[in-house]
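Chemist: What follows is work.txt; its format and atoms are compact mmCIF, C-alpha atoms.
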```
# COMPACT_ATOMS: atom_id res chain seq x y z
CA MET A 1 128.52 109.68 76.28
CA ASN A 2 130.64 106.58 76.28
CA VAL A 3 128.96 103.35 75.10
CA ILE A 4 130.33 101.36 78.05
CA ILE A 5 128.94 103.87 80.54
CA GLU A 6 125.57 103.86 78.79
CA PHE A 7 125.47 100.05 78.85
CA THR A 8 126.41 99.96 82.56
CA VAL A 9 123.77 102.53 83.50
CA SER A 10 121.07 100.69 81.49
CA ALA A 11 122.00 97.32 83.02
CA LEU A 12 121.95 98.75 86.56
CA ILE A 13 118.55 100.38 85.97
CA LEU A 14 117.05 97.13 84.64
CA LEU A 15 118.60 95.09 87.47
CA GLY A 16 117.27 97.52 90.07
CA ALA A 17 113.77 97.57 88.57
CA VAL A 18 113.63 93.75 88.41
CA PHE A 19 114.77 93.45 92.04
CA ALA A 20 112.19 96.03 93.19
CA LEU A 21 109.46 94.13 91.33
CA LEU A 22 110.61 90.83 92.89
CA GLY A 23 110.42 92.39 96.35
CA SER A 24 106.86 93.52 95.71
CA ILE A 25 105.86 90.12 94.33
CA GLY A 26 107.25 88.60 97.53
CA LEU A 27 105.20 91.09 99.56
CA VAL A 28 102.03 89.94 97.81
CA ARG A 29 102.63 86.21 97.40
CA LEU A 30 104.31 84.99 100.59
CA PRO A 31 101.99 83.40 103.17
CA ASP A 32 102.95 84.86 106.57
CA PHE A 33 103.87 88.35 107.77
CA PHE A 34 107.32 87.28 108.97
CA THR A 35 108.11 85.78 105.57
CA ARG A 36 106.57 88.78 103.82
CA LEU A 37 109.01 91.00 105.70
CA HIS A 38 111.90 89.50 103.69
CA GLY A 39 110.84 90.72 100.23
CA PRO A 40 110.75 94.50 100.67
CA THR A 41 113.56 94.76 103.21
CA LYS A 42 116.13 92.88 101.14
CA ALA A 43 115.19 92.72 97.46
CA THR A 44 113.63 96.17 97.19
CA THR A 45 116.46 97.85 99.10
CA LEU A 46 119.04 96.24 96.81
CA GLY A 47 117.03 97.24 93.72
CA VAL A 48 116.70 100.88 94.73
CA GLY A 49 120.40 100.88 95.68
CA ALA A 50 121.32 99.67 92.19
CA MET A 51 119.14 102.37 90.58
CA VAL A 52 120.68 105.12 92.71
CA LEU A 53 124.15 103.81 91.79
CA ALA A 54 123.15 103.94 88.10
CA SER A 55 122.06 107.53 88.55
CA ALA A 56 125.35 108.42 90.29
CA ILE A 57 127.35 106.95 87.38
CA TYR A 58 125.14 108.73 84.82
CA PHE A 59 125.47 112.19 86.41
CA THR A 60 129.20 111.71 86.98
CA ALA A 61 129.57 110.99 83.25
CA THR A 62 127.32 113.74 81.91
CA GLN A 63 127.94 116.65 84.27
CA PRO A 64 131.22 118.22 85.35
CA GLY A 65 132.59 116.94 88.63
CA VAL A 66 131.88 113.77 90.59
CA SER A 67 128.24 113.39 91.60
CA LEU A 68 128.26 111.97 95.12
CA HIS A 69 125.04 113.14 96.76
CA GLU A 70 123.18 110.12 95.32
CA ILE A 71 125.36 107.98 97.56
CA ALA A 72 123.75 109.72 100.55
CA VAL A 73 120.34 108.35 99.52
CA MET A 74 121.82 104.87 99.12
CA VAL A 75 123.59 104.89 102.50
CA PHE A 76 120.47 106.22 104.20
CA LEU A 77 118.30 103.47 102.67
CA PHE A 78 120.81 100.74 103.56
CA ILE A 79 120.99 101.94 107.17
CA THR A 80 117.27 102.43 107.73
CA ALA A 81 116.01 99.18 106.13
CA PRO A 82 117.20 96.79 108.91
CA VAL A 83 116.00 99.18 111.62
CA THR A 84 112.54 99.33 110.03
CA ALA A 85 112.42 95.54 109.63
CA HIS A 86 113.44 94.99 113.24
CA LEU A 87 110.80 97.34 114.63
CA LEU A 88 108.09 95.91 112.33
CA ALA A 89 108.91 92.36 113.44
CA LYS A 90 108.82 93.52 117.07
CA ALA A 91 105.41 95.15 116.56
CA ALA A 92 104.05 92.03 114.81
CA LEU A 93 105.30 89.77 117.62
CA HIS A 94 103.72 92.09 120.18
CA ARG A 95 100.37 92.02 118.37
CA ARG A 96 100.45 88.26 117.90
CA GLY A 97 101.22 87.83 121.62
CA ASN A 98 98.14 89.92 122.42
CA HIS A 99 95.98 87.79 120.12
CA VAL A 100 97.24 84.58 121.73
CA ALA A 101 96.58 85.93 125.23
CA LYS A 102 93.02 86.95 124.30
CA HIS A 103 92.37 83.54 122.76
CA GLN A 104 93.62 81.74 125.88
CA GLU A 105 91.36 83.86 128.07
CA LYS A 106 88.40 82.89 125.89
CA VAL A 107 89.30 79.21 126.13
CA LYS A 108 89.44 79.43 129.93
CA MET B 1 119.48 102.07 74.81
CA LEU B 2 119.31 104.25 77.92
CA THR B 3 115.89 105.68 76.96
CA LEU B 4 114.51 102.16 76.49
CA ALA B 5 115.95 101.00 79.82
CA VAL B 6 114.39 103.98 81.61
CA GLU B 7 110.99 103.28 79.99
CA VAL B 8 111.13 99.59 80.97
CA GLY B 9 112.16 100.64 84.48
CA PHE B 10 109.10 102.90 84.73
CA VAL B 11 106.84 99.99 83.74
CA LEU B 12 108.41 97.55 86.23
CA ILE B 13 108.37 100.03 89.11
CA GLY B 14 104.75 100.94 88.31
CA LEU B 15 103.84 97.25 88.43
CA ALA B 16 105.65 96.89 91.77
CA MET B 17 103.77 99.90 93.18
CA THR B 18 100.45 98.38 92.05
CA LEU B 19 101.28 95.16 93.92
CA ASN B 20 102.21 97.20 97.02
CA LEU B 21 98.89 99.03 96.77
CA TRP B 22 97.08 95.69 96.66
CA ARG B 23 98.81 94.60 99.87
CA LEU B 24 98.07 98.02 101.44
CA VAL B 25 94.33 97.65 100.75
CA ARG B 26 94.13 93.93 101.47
CA GLY B 27 96.66 93.45 104.30
CA PRO B 28 95.18 91.28 107.04
CA ASP B 29 96.95 93.13 109.85
CA ALA B 30 98.11 96.68 110.56
CA THR B 31 101.78 95.64 110.36
CA ASP B 32 101.21 94.43 106.76
CA ARG B 33 99.80 97.84 105.88
CA ILE B 34 102.76 99.65 107.47
CA LEU B 35 105.18 97.43 105.53
CA ALA B 36 103.29 98.05 102.27
CA LEU B 37 103.35 101.81 102.86
CA ASP B 38 107.10 101.73 103.55
CA THR B 39 107.75 99.73 100.37
CA LEU B 40 105.52 102.12 98.42
CA THR B 41 107.65 105.12 99.44
CA ILE B 42 110.89 103.24 98.67
CA ASN B 43 109.53 102.51 95.18
CA ALA B 44 108.55 106.17 94.87
CA ILE B 45 112.22 107.02 95.54
CA ALA B 46 113.19 104.71 92.66
CA LEU B 47 110.62 106.45 90.45
CA LEU B 48 112.07 109.86 91.35
CA VAL B 49 115.58 108.64 90.50
CA LEU B 50 114.32 107.45 87.10
CA PHE B 51 112.62 110.81 86.50
CA GLY B 52 115.91 112.51 87.32
CA ILE B 53 117.80 110.39 84.77
CA ARG B 54 115.17 111.01 82.08
CA ALA B 55 115.04 114.76 82.69
CA GLY B 56 118.83 114.98 82.99
CA SER B 57 118.48 117.08 86.12
CA SER B 58 119.95 116.21 89.53
CA ALA B 59 117.33 118.37 91.34
CA TYR B 60 115.20 115.27 91.94
CA PHE B 61 117.65 113.92 94.52
CA GLU B 62 116.72 116.43 97.17
CA ALA B 63 113.13 115.18 96.88
CA ALA B 64 114.29 111.55 97.04
CA LEU B 65 116.34 112.22 100.19
CA VAL B 66 113.44 114.02 101.91
CA LEU B 67 111.08 111.18 100.95
CA ALA B 68 113.50 108.59 102.40
CA ALA B 69 113.77 110.50 105.69
CA MET B 70 110.01 111.04 105.95
CA SER B 71 109.29 107.38 105.20
CA PHE B 72 111.71 106.25 107.92
CA VAL B 73 110.28 108.61 110.54
CA GLY B 74 106.70 107.70 109.62
CA THR B 75 107.34 103.97 109.84
CA MET B 76 109.10 104.42 113.18
CA ALA B 77 106.15 106.42 114.55
CA LEU B 78 103.56 103.85 113.38
CA CYS B 79 105.57 100.94 114.85
CA LYS B 80 105.97 102.79 118.14
CA TYR B 81 102.22 103.36 118.18
CA LEU B 82 101.53 99.66 117.67
CA LEU B 83 104.06 98.67 120.34
CA ARG B 84 103.21 101.17 123.07
CA GLY B 85 99.85 102.70 122.13
CA ASP B 86 101.57 106.07 122.24
CA ILE B 87 104.19 107.80 120.11
CA ILE B 88 105.84 110.36 122.41
CA GLU B 89 105.85 109.20 125.99
```
Mind turning this structure into structure tokens?
Modeler:
Amino acid sequence: MNVIIEFTVSALILLGAVFALLGSIGLVRLPDFFTRLHGPTKATTLGVGAMVLASAIYFTATQPGVSLHEIAVMVFLFITAPVTAHLLAKAALHRRGNHVAKHQEKVK
Amino acid sequence: MLTLAVEVGFVLIGLAMTLNLWRLVRGPDATDRILALDTLTINAIALLVLFGIRAGSSAYFEAALVLAAMSFVGTMALCKYLLRGDIIE
């Protein structure tokens, strides 16, 4: 295998792993749920996308023919991440609204 | 170089999954737990991709695709349950 391809694949794998780890650190360290939502939905998605791209390059270089079905995983992840984040934020707002309403009833 | 990168990637992704597990156990609200579970499956996809590169076999991608679809549907169902108190109305 070509040295340039090997270097590119290694760099993409390391970049992806570091971004996934950063997303998880954000999930643990950030103070509020709405800030915590940022880590996994942006950093982790980008990290896994980079790793899948590395895998696509690797299998295109080592096996005959262009390996494109990894791109399907990447596209699927990039489409579903915002939808998941939107619905999670909606659910969290709904729950927080319920908590506030209950608290106001208690105060009355 | 590639073997070393794959090994380091395993370590980093394992660390990330441990942090997700901590948030899944600890999470103050149900939405935190759903988010942690979703991130856990996305990291599992990354782990499967790394296994595929190390084994040199592209058969792991079918599993990764199925895991991505299942994770999406599961998160949707849990969010719908929190929003409406029912999944299929």
Chemist: Any idea which chain B residues end up within 9 Å of chain A if we count only C-alpha atoms, as a ChimeraX atom specification please?
Modeler: /B:1-6,8-20,22-23,29-32,34-36,38-39,42-43,45-46,49-50,52-53,56-58,61-62,64-65,68-69,72,75-76,79-83
Chemist: Any idea what the distance is between atom CA of A:Thr60 and atom CA of A:Asn2?
Modeler: 12.0 Å
Chemist: What's the separation between atom CA of B:Ser71 and atom CA of B:Leu48, in Å to one decimal place?
Modeler: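 Taking atom CA of B:Ser71 as the start and atom CA of B:Leu48 as the end point, the length is 14.3 Å.
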Chemist: Go ahead and compute the interatomic distance for atom CA of B:Leu37 and atom CA of B:Gly74, in Å to one decimal.
Modeler: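 Spanning atom CA of B:Leu37 to atom CA of B:Gly74 is a straight-line distance of 9.6 Å.
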Chemist: Take every atom of stretch 3-18 of chain B listed in the file, pad by 4 Å on each side, and give me the axis-aligned box centre and edge lengths in Å, one decimal, as AutoDock Vina command-line options.
Modeler:
```
--center_x 108.2 --center_y 101.3 --center_z 84.8 --size_x 23.5 --size_y 16.8 --size_z 24.7
```
Chemist: With N, CA and C atoms as the goal, would you fill in the gaps in stretch 67-79 of chain B and present it as an mmCIF file, keeping the file's coordinate frame?
Modeler:
```cif
data_model
loop_
_atom_site.group_PDB
_atom_site.id
_atom_site.type_symbol
_atom_site.label_atom_id
_atom_site.label_comp_id
_atom_site.auth_asym_id
_atom_site.auth_seq_id
_atom_site.Cartn_x
_atom_site.Cartn_y
_atom_site.Cartn_z
ATOM 1 N N LEU B 67 112.068 112.265 100.913
ATOM 2 C CA LEU B 67 111.080 111.180 100.950
ATOM 3 C C LEU B 67 111.611 110.009 101.773
ATOM 4 N N ALA B 68 112.914 109.686 101.630
ATOM 5 C CA ALA B 68 113.500 108.590 102.400
ATOM 6 C C ALA B 68 113.432 108.900 103.890
ATOM 7 N N ALA B 69 113.785 110.128 104.269
ATOM 8 C CA ALA B 69 113.770 110.500 105.690
ATOM 9 C C ALA B 69 112.350 110.456 106.241
ATOM 10 N N MET B 70 111.397 111.012 105.479
ATOM 11 C CA MET B 70 110.010 111.040 105.950
ATOM 12 C C MET B 70 109.449 109.622 106.094
ATOM 13 N N SER B 71 109.792 108.755 105.152
ATOM 14 C CA SER B 71 109.290 107.380 105.200
ATOM 15 C C SER B 71 109.820 106.675 106.454
ATOM 16 N N PHE B 72 111.117 106.887 106.738
ATOM 17 C CA PHE B 72 111.710 106.250 107.920
ATOM 18 C C PHE B 72 111.033 106.735 109.197
ATOM 19 N N VAL B 73 110.870 108.055 109.320
ATOM 20 C CA VAL B 73 110.280 108.610 110.540
ATOM 21 C C VAL B 73 108.827 108.153 110.677
ATOM 22 N N GLY B 74 108.094 108.125 109.567
ATOM 23 C CA GLY B 74 106.700 107.700 109.620
ATOM 24 C C GLY B 74 106.551 106.256 110.033
ATOM 25 N N THR B 75 107.413 105.379 109.467
ATOM 26 C CA THR B 75 107.340 103.970 109.840
ATOM 27 C C THR B 75 107.689 103.770 111.303
ATOM 28 N N MET B 76 108.726 104.507 111.769
ATOM 29 C CA MET B 76 109.100 104.420 113.180
ATOM 30 C C MET B 76 107.919 104.819 114.069
ATOM 31 N N ALA B 77 107.250 105.929 113.723
ATOM 32 C CA ALA B 77 106.150 106.420 114.550
ATOM 33 C C ALA B 77 105.009 105.403 114.578
ATOM 34 N N LEU B 78 104.670 104.816 113.425
ATOM 35 C CA LEU B 78 103.560 103.850 113.380
ATOM 36 C C LEU B 78 103.907 102.596 114.188
ATOM 37 N N CYS B 79 105.171 102.123 114.087
ATOM 38 C CA CYS B 79 105.570 100.940 114.850
ATOM 39 C C CYS B 79 105.527 101.217 116.341
#
```
